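Undergrad: Here it is, the structure in full.
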Amino acid sequence: MSTLTVPTEAAPTAPARPAYRVTGRRVLASEWAKLWSLRSTWITLGLGLLFLIAFGLIAASRYKSGVGSGHMDRDFARSTAVSLSLFGTNFAQLALGVLGVLVTAGEYSTGMIRSTLAAVPRRLPVLWSKAAVFGLVALVIGTLGVFVAFLFGSRIVDGTPAAMDLSHAGVLRSLLGAGLYLGLVGVIGTALGSLLRSVAGGISVLVATLMLIPGLATLLPSSWKDNISPYLPSNAGESMFALTHDATSLSPGAGLLVFLGWTALALSGAAYRLLRSDV
């Protein structure tokens, strides 16, 4: 008696899913794409560049008109082409610092940070990538702005006591120092946004650190002020691009080291909370 065998059909196999690996390069590319997809990025970077160039040219024009009229404030009369060109740095640092806060705190306010950390479970590469990407962008924008402001501003004050060019001692170092300072301000902004996880809180702490606290330090007794004031973030940062220094300010190298220390402190606090706190 013969038996009939029915061939069994092989179970359909699902197509193999491509294996994706989380690498530092891919995290950087992701943060780069997210940064430029925001309208606020273009607006705020444009404002930062505008502040650097416009206020630098306005200061140079005011100096030139004051020299011609013979009526000028004593402090303003000691200005140089470098100090006039960098007049907009204090305004640009707010624009770049605020955008740095938005880069990180904005994801917490929208809830997008959950998707980001689901894609990058190790967490810390996200923080390093955000800080590196925006710090580089702020560095480029800041350096471009100060050089453009100086090149045009130096032409405005040509023939006056403030006249300088790139060949003068300390000029190139001051301009590069200003660009580096603005880049590090952007990194501090991203760190504060990640640490506080609030746009309003991050901006408030940033403004207080860079502008309010140095003003309040002037109310301290002279012995305290002379020992504390040079090491505040904004004062140490200004030492990086100041053309001249005195006994109450740090040297450019010391100012850079102090400001790098403040930057590292902000990033360390952000990294600790990112690892220890749930999102």
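FYI, nothing fancy with the structure tokens labels: chains A, B, ... in order, residues from 1 per chain, ligands from 1 as they appear.
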DSSP says alpha helix (DSSP H) for which residues of stretch 67-164 of chain A? Put them as number ranges by chain?

TA: A: 67-69, 74-77, 81-85, 89-110, 112-119, 124-156

Undergrad: Find the nearest atom pair between each residue of stretch 37-132 of chain A and stretch 185-199 of chain A for residues within 7 Å, count only C-alpha atoms, give distances in Å to one decimal, sort rows by chain and ascending number, and present the table as CSV.

TA:
```
residue,atom,partner,partner_atom,distance
A:Gln93,CA,A:Val185,CA,6.6
A:Leu96,CA,A:Gly186,CA,5.5
A:Gly97,CA,A:Gly189,CA,4.7
A:Val98,CA,A:Gly189,CA,6.4
A:Gly100,CA,A:Gly189,CA,4.3
A:Val101,CA,A:Gly193,CA,4.3
A:Leu102,CA,A:Val199,CA,6.2
A:Val103,CA,A:Thr190,CA,6.3
A:Thr104,CA,A:Gly193,CA,5.2
A:Ala105,CA,A:Gly193,CA,4.4
A:Gly106,CA,A:Val199,CA,6.5
A:Tyr108,CA,A:Arg197,CA,6.0
A:Ala131,CA,A:Val187,CA,5.2
```

Undergrad: Restricting it to C-alpha atoms, dump the selection as a CSV table (one decimal), in the first residue's frame.

TA:
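selection08.csv written:
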```csv
chain,number,residue,atom,x,y,z
A,93,GLN,CA,27.2,86.8,23.4
A,96,LEU,CA,24.7,83.0,20.8
A,97,GLY,CA,24.3,82.0,24.5
A,98,VAL,CA,20.5,82.1,24.3
A,100,GLY,CA,22.8,77.5,22.9
A,101,VAL,CA,20.2,77.2,25.7
A,102,LEU,CA,17.4,76.6,23.1
A,103,VAL,CA,19.5,73.8,21.4
A,104,THR,CA,19.2,71.6,24.5
A,105,ALA,CA,16.4,72.9,26.7
A,106,GLY,CA,14.1,73.2,23.6
A,108,TYR,CA,13.0,69.0,26.9
A,131,ALA,CA,28.0,71.1,22.6
```

Undergrad: So, with only C-alpha atoms as the atoms that count, which of A:Pro233, A:Ile228, A:Ile141, A:Ser174 lies closest to A:Leu212?

TA: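 Nearest to A:Leu212: A:Pro233.
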
Undergrad: Under the rule that only C-alpha atoms are counted, which of A:Pro230, A:Gly66, A:Gly145, A:Gly170 is the nearest residue to A:Leu86?

TA: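 Among the listed residues, A:Gly145 lies closest to A:Leu86.
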
Undergrad: Within 12 Å of stretch 30-36 of chain A, which residues of stretch 66-137 of chain A show up? Give each one with its shortest atom-to-atom distance in Å (one decimal) and the two atoms involved, counting only C-alpha atoms, rows by chain then rising residue number, as JSON lines.

TA:
```
{"residue": "A:Leu99", "atom": "CA", "partner": "A:Leu35", "partner_atom": "CA", "distance": 10.0}
{"residue": "A:Gly100", "atom": "CA", "partner": "A:Leu35", "partner_atom": "CA", "distance": 10.1}
{"residue": "A:Leu102", "atom": "CA", "partner": "A:Leu35", "partner_atom": "CA", "distance": 9.9}
{"residue": "A:Val103", "atom": "CA", "partner": "A:Leu35", "partner_atom": "CA", "distance": 7.1}
{"residue": "A:Thr104", "atom": "CA", "partner": "A:Leu35", "partner_atom": "CA", "distance": 10.1}
{"residue": "A:Gly106", "atom": "CA", "partner": "A:Leu35", "partner_atom": "CA", "distance": 11.1}
{"residue": "A:Glu107", "atom": "CA", "partner": "A:Lys34", "partner_atom": "CA", "distance": 10.3}
{"residue": "A:Met112", "atom": "CA", "partner": "A:Lys34", "partner_atom": "CA", "distance": 10.9}
{"residue": "A:Ile113", "atom": "CA", "partner": "A:Glu31", "partner_atom": "CA", "distance": 11.8}
{"residue": "A:Thr116", "atom": "CA", "partner": "A:Ser30", "partner_atom": "CA", "distance": 9.4}
{"residue": "A:Ala119", "atom": "CA", "partner": "A:Ser30", "partner_atom": "CA", "distance": 10.5}
{"residue": "A:Val120", "atom": "CA", "partner": "A:Ser30", "partner_atom": "CA", "distance": 10.7}
{"residue": "A:Pro125", "atom": "CA", "partner": "A:Glu31", "partner_atom": "CA", "distance": 10.5}
{"residue": "A:Val126", "atom": "CA", "partner": "A:Glu31", "partner_atom": "CA", "distance": 8.0}
{"residue": "A:Leu127", "atom": "CA", "partner": "A:Glu31", "partner_atom": "CA", "distance": 9.7}
{"residue": "A:Trp128", "atom": "CA", "partner": "A:Glu31", "partner_atom": "CA", "distance": 10.1}
{"residue": "A:Ser129", "atom": "CA", "partner": "A:Glu31", "partner_atom": "CA", "distance": 6.6}
{"residue": "A:Lys130", "atom": "CA", "partner": "A:Glu31", "partner_atom": "CA", "distance": 6.0}
{"residue": "A:Ala131", "atom": "CA", "partner": "A:Glu31", "partner_atom": "CA", "distance": 9.5}
{"residue": "A:Ala132", "atom": "CA", "partner": "A:Glu31", "partner_atom": "CA", "distance": 9.5}
{"residue": "A:Val133", "atom": "CA", "partner": "A:Trp32", "partner_atom": "CA", "distance": 6.3}
{"residue": "A:Phe134", "atom": "CA", "partner": "A:Leu35", "partner_atom": "CA", "distance": 7.8}
{"residue": "A:Gly135", "atom": "CA", "partner": "A:Trp32", "partner_atom": "CA", "distance": 11.4}
{"residue": "A:Leu136", "atom": "CA", "partner": "A:Trp32", "partner_atom": "CA", "distance": 10.6}
{"residue": "A:Val137", "atom": "CA", "partner": "A:Trp32", "partner_atom": "CA", "distance": 9.7}
```

Undergrad: So, counting only C-alpha atoms, which residue among A:Leu124, A:Leu265, A:Leu260, A:Leu243 is closest to A:Met164?

TA: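 Of A:Leu124, A:Leu265, A:Leu260, A:Leu243, the one nearest A:Met164, counting only C-alpha atoms, is A:Leu243.
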
Undergrad: At a cut-off of 12 Å, using only C-alpha atoms, what residues contact A:Ser65? Leave out same-chain residues fewer than 5 positions from it and give the result as a list in words.

TA: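 Using only C-alpha atoms, the neighbours found are Ile58, Ala59, Ala60, Gly70, His71, Met72, Phe76, Ala77, Ile156, Val157 and Thr160 of chain A.
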
Undergrad: Using the selection just defined, write its residues with N, CA and C atoms as a compact mmCIF listing (two decimals), in the first residue's frame.

TA:
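See result.txt below for the written result:
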```txt
# COMPACT_ATOMS: atom_id res chain seq x y z
N ILE A 58 29.13 101.17 14.32
CA ILE A 58 28.54 102.35 14.98
C ILE A 58 29.55 102.97 15.95
N ALA A 59 30.23 102.13 16.72
CA ALA A 59 31.22 102.64 17.66
C ALA A 59 32.37 103.33 16.93
N ALA A 60 32.83 102.74 15.83
CA ALA A 60 33.91 103.36 15.07
C ALA A 60 33.46 104.68 14.47
N GLY A 70 36.06 117.34 18.38
CA GLY A 70 36.84 117.74 19.55
C GLY A 70 36.14 117.50 20.87
N HIS A 71 34.94 116.94 20.85
CA HIS A 71 34.20 116.64 22.08
C HIS A 71 34.05 115.12 22.18
N MET A 72 34.76 114.56 23.16
CA MET A 72 34.74 113.11 23.32
C MET A 72 34.98 112.77 24.78
N PHE A 76 36.33 107.04 26.15
CA PHE A 76 36.15 106.72 24.74
C PHE A 76 37.33 107.18 23.91
N ALA A 77 38.01 108.22 24.38
CA ALA A 77 39.15 108.75 23.63
C ALA A 77 40.33 107.78 23.62
N ILE A 156 37.25 103.05 8.90
CA ILE A 156 36.54 104.25 9.37
C ILE A 156 37.45 105.13 10.22
N VAL A 157 38.24 104.51 11.11
CA VAL A 157 39.08 105.29 12.03
C VAL A 157 40.48 105.49 11.47
N THR A 160 43.23 108.39 12.49
CA THR A 160 42.97 108.86 13.86
C THR A 160 43.92 108.14 14.81
```

Undergrad: Which residues are near A:Ser229? Cut-off 8 Å, only C-alpha atoms, ignore same chain within fewer than 6 positions. Put them as a PyMOL selection string.

TA: chain A and resi 214+217-218+235

Undergrad: Would you output that residue set with N, CA, C and O atoms, as a PDB file, in the first residue's frame?

TA:
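See again_37.pdb below for the written result:
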```
ATOM      1  N   PRO A 214      28.892  90.245  37.384  1.00  0.00           N
ATOM      2  CA  PRO A 214      30.031  91.179  37.335  1.00  0.00           C
ATOM      3  C   PRO A 214      29.668  92.573  37.822  1.00  0.00           C
ATOM      4  O   PRO A 214      30.491  93.249  38.447  1.00  0.00           O
ATOM      5  N   ALA A 217      29.510  92.506  41.562  1.00  0.00           N
ATOM      6  CA  ALA A 217      30.840  92.353  42.180  1.00  0.00           C
ATOM      7  C   ALA A 217      31.497  93.696  42.440  1.00  0.00           C
ATOM      8  O   ALA A 217      32.358  93.812  43.327  1.00  0.00           O
ATOM      9  N   THR A 218      31.104  94.733  41.702  1.00  0.00           N
ATOM     10  CA  THR A 218      31.691  96.054  41.925  1.00  0.00           C
ATOM     11  C   THR A 218      31.254  96.651  43.257  1.00  0.00           C
ATOM     12  O   THR A 218      31.866  97.612  43.728  1.00  0.00           O
ATOM     13  N   ASN A 235      34.515  88.374  32.942  1.00  0.00           N
ATOM     14  CA  ASN A 235      35.769  89.123  33.078  1.00  0.00           C
ATOM     15  C   ASN A 235      36.960  88.293  32.594  1.00  0.00           C
ATOM     16  O   ASN A 235      37.868  88.816  31.944  1.00  0.00           O
TER      17      ASN A 235
END
```

Undergrad: Hey, which of A:Leu274, A:Leu57, A:Leu216, A:Leu182 ends up closest to A:Ala138? Count only C-alpha atoms.

TA: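 For A:Ala138, the nearest of the given residues is A:Leu182.
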
Undergrad: For atom CA of A:Arg276 and atom CA of A:Arg122, determine how far apart the two atoms are, in Å to one decimal place.

TA: 12.1 Å

Undergrad: Tell me, as a compact mmCIF listing (two decimals) with N, CA and C atoms, in the first residue's frame, which residues lie within 6 Å of A:Ala236, counting only C-alpha atoms; anything in the same chain fewer than 5 positions away does not count.

TA:
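Written file, around-v9.txt:
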```
# COMPACT_ATOMS: atom_id res chain seq x y z
N PRO A 230 38.38 89.28 38.66
CA PRO A 230 39.06 88.78 37.44
C PRO A 230 38.71 87.35 37.08
N TYR A 231 38.22 86.57 38.07
CA TYR A 231 37.95 85.16 37.83
C TYR A 231 36.49 84.87 37.50
N GLY A 255 43.25 84.01 31.38
CA GLY A 255 41.82 84.19 31.15
C GLY A 255 41.21 83.02 30.40
N PHE A 259 38.29 80.56 31.84
CA PHE A 259 37.01 80.43 31.13
C PHE A 259 36.79 79.00 30.68
```

Undergrad: I'd like the neighbourhood of A:Thr143 as an NGL selection string, where a residue qualifies if any of its atoms comes within 12 Å (using only C-alpha atoms), though same-chain residues fewer than 6 positions away should be ignored.

TA: :A and (48-49 or 52-53 or 86 or 89 or 92 or 135-137 or 149-150 or 172-184 or 241)

Undergrad: Name the residues in contact with A:Ala242 at a cut-off of 8 Å, using only C-alpha atoms, excluding same-chain residues fewer than 3 positions from it; report them as an mmCIF file with C-alpha atoms, in the first residue's frame.

TA:
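Output file result_23.cif follows:
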```cif
data_model
loop_
_atom_site.group_PDB
_atom_site.id
_atom_site.type_symbol
_atom_site.label_atom_id
_atom_site.label_comp_id
_atom_site.auth_asym_id
_atom_site.auth_seq_id
_atom_site.Cartn_x
_atom_site.Cartn_y
_atom_site.Cartn_z
ATOM 1 C CA SER A 83 38.145 97.792 21.110
ATOM 2 C CA SER A 174 42.510 89.745 20.203
ATOM 3 C CA GLU A 238 37.240 89.606 28.250
ATOM 4 C CA SER A 239 40.884 89.035 29.198
ATOM 5 C CA HIS A 245 46.027 94.384 30.515
ATOM 6 C CA PRO A 252 45.091 86.233 27.859
#
```
